[in-house]
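Written out below as structure tokens is the structure these notes cover.
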Amino acid sequence: MTWRASILTLYPEMFPGPLGVSLAGRALTAGTWTCETTQIREFGIGKHRAVDDTPSGGGPGMVMRADVLAAAIDAASPQGDRRPRLVMTPRGRPLTQARVRELSAGPGVVVLCGRFEGMDERIMAARDLEEVSIGDYVLSGGEMGALVLLDACVRLLPGVMGAVASGHEESFEGGLLEYPQYTRPQVFEDVEIPAVLTSGDHGAVERWRAERALADTRERRPDLAARDGSPERGS
């Protein structure tokens with residue numbers, strides 16, 4: 001079954017963008033997934049197709065109208081569509097690899113990309129939107145976040161990655177960062193590849209990788225180590 005991505009945006013020309021090349025691009029050409037865009041402005045109000053208005057209570061910027069967004073969502077995701085409806089916003093729950101796996105295992109996603117100062121809050125409950133964030137920073141709009149989310153999902157679709165095992169040994173898959181990687185030359189600027197990796201002892205290699213993954217996670221991402229239940233460095 002084809003995994004369907006529907007993007008609601010004021011800038012449909014941004015898609016598929018970088019997802020039209022490399023692994024995702026080949027999968028798109030092969031029909032493993034589809035990328036459909038809906039121009040929100042087509043559902044705008046009046047002669048100028050207005051999609052926003054001034055914020056209630058005052059303040060700078062403009063806010064996207066709930067009625068306009070509802071019409072766009074209903075067109076892209078009519079009744080009976082089983083795909084989850086997502087909205088990219090810094091107010092959302094952080095995207096995790098676990099959630100990515102759930103999304104990639106489903107029929108696809110509908111993603112709403114906001115602009116300006118944000119969206120009328122009423123649209124969230126009115127159309128059952130799942131608020132998603134890709135980090136604690138602010139972008140010009142939701143499109144870049146949508147591209148990140150789609151890339152994370154598409155690469156997990158059956159047949160997209162060359163080696164199935166590679167998807168299970170990466171950072172965040174086991175709650176830890178991935179172990180360091182090396183390749184030839186054996187010596188680079190006086191630094192050698194760790195001897196265990198060229199020893200031929202597969203058991204020793206696996207133990208080294210597990211230890212390094214845990215140690216690097218404790219050092220670089222103690223928040224992940226704590227979430228995983230692993231003791232902090234020095235404890």
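Naming scheme: A, B, ... for chains in displayed order of the structure tokens; residues 1 onward per chain; ligands 1 onward as shown.
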Closest atom pairs, residues of stretch 21-106 of chain A within 9 Å of stretch 3-13 of chain A, only C-alpha atoms, as a tab-separated table:
```
residue	atom	partner	partner_atom	distance
A:Gly31	CA	A:Trp3	CA	8.6
A:Thr32	CA	A:Trp3	CA	6.4
A:Trp33	CA	A:Trp3	CA	4.5
A:Thr34	CA	A:Arg4	CA	5.0
A:Cys35	CA	A:Ala5	CA	4.9
A:Glu36	CA	A:Ser6	CA	4.7
A:Thr37	CA	A:Ile7	CA	4.7
A:Thr38	CA	A:Leu8	CA	4.7
A:Gln39	CA	A:Leu10	CA	5.5
A:Ile40	CA	A:Leu10	CA	5.5
A:Arg41	CA	A:Leu10	CA	6.3
A:Leu69	CA	A:Leu8	CA	8.8
A:Ala72	CA	A:Leu8	CA	7.2
A:Ile73	CA	A:Leu8	CA	7.4
A:Ala76	CA	A:Ser6	CA	6.9
A:Ser77	CA	A:Ser6	CA	8.2
A:Arg83	CA	A:Arg4	CA	8.5
A:Ser104	CA	A:Trp3	CA	7.8
A:Ala105	CA	A:Trp3	CA	8.8
A:Gly106	CA	A:Trp3	CA	7.5
```
Just C-alpha atoms for this one: save the residues we selected as a PDB file, in the first residue's frame.
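Below is the file part04.pdb, written as the result:
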```
ATOM      1  CA  GLY A  31       5.298   4.957  -5.913  1.00  0.00           C
ATOM      2  CA  THR A  32       6.252   3.775  -2.427  1.00  0.00           C
ATOM      3  CA  TRP A  33       4.898   7.083  -1.148  1.00  0.00           C
ATOM      4  CA  THR A  34       3.126  10.105  -2.574  1.00  0.00           C
ATOM      5  CA  CYS A  35       3.427  13.796  -1.747  1.00  0.00           C
ATOM      6  CA  GLU A  36       0.309  15.869  -2.372  1.00  0.00           C
ATOM      7  CA  THR A  37       0.031  19.581  -1.574  1.00  0.00           C
ATOM      8  CA  THR A  38      -2.965  21.765  -0.859  1.00  0.00           C
ATOM      9  CA  GLN A  39      -2.647  25.524  -1.308  1.00  0.00           C
ATOM     10  CA  ILE A  40      -4.355  26.998   1.770  1.00  0.00           C
ATOM     11  CA  ARG A  41      -4.934  30.300  -0.007  1.00  0.00           C
ATOM     12  CA  LEU A  69      -7.837  26.183   7.760  1.00  0.00           C
ATOM     13  CA  ALA A  72      -8.460  23.314   3.582  1.00  0.00           C
ATOM     14  CA  ILE A  73      -8.211  20.372   5.974  1.00  0.00           C
ATOM     15  CA  ALA A  76      -7.353  17.373   1.848  1.00  0.00           C
ATOM     16  CA  SER A  77      -8.605  14.915   4.447  1.00  0.00           C
ATOM     17  CA  ARG A  83      -4.433   9.256   8.391  1.00  0.00           C
ATOM     18  CA  SER A 104       5.562   5.240   9.035  1.00  0.00           C
ATOM     19  CA  ALA A 105       3.676   2.051   9.842  1.00  0.00           C
ATOM     20  CA  GLY A 106       0.325   3.701   9.085  1.00  0.00           C
TER      21      GLY A 106
END
```
Problem - Given only C-alpha atoms as the counted atoms, nearest of A:Ala195, A:Met1, A:Ala152, A:Leu19 to A:Trp208 - result: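 Selected residue with least distance to A:Trp208: A:Ala195.
Nearest-residue note for A:Gly142: choosing from A:Ile45, A:Leu177, A:Ile123, A:Met88, the minimum distance belongs to A:Met88, counting only C-alpha atoms.
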Exercise for the section: Looking only at strand (DSSP E) from DSSP on the backbone, list the matching residues of stretch 104-190 of chain A as a ChimeraX atom specification. Expected result: /A:108-113,130-133,187-188
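Distance-wise, atom CA of A:Gly175 and atom CA of A:Leu224 end up 6.6 Å apart.
For the pair atom CA of A:Val111 and atom CA of A:Leu150, the separation is 9.4 Å.
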Handout entry: Pick from A:Ala66, A:Val51, A:Val160, A:Leu112, whichever lies nearest to A:Arg26 using only C-alpha atoms
Key =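 Of A:Ala66, A:Val51, A:Val160, A:Leu112, the one nearest A:Arg26, counting only C-alpha atoms, is A:Val160.
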Practice task
Would you mind telling me which residue in A:Ser56, A:Leu28, A:Arg93, A:Glu178 lies nearest to A:Ile134 when using only C-alpha atoms?
Solution key: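 Among the listed residues, A:Arg93 lies closest to A:Ile134.
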Handout entry: Atom pair atom CA of A:Arg127 / atom CA of A:Ala50: separation (Å)
Key =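 Those two atoms sit 20.4 Å apart.
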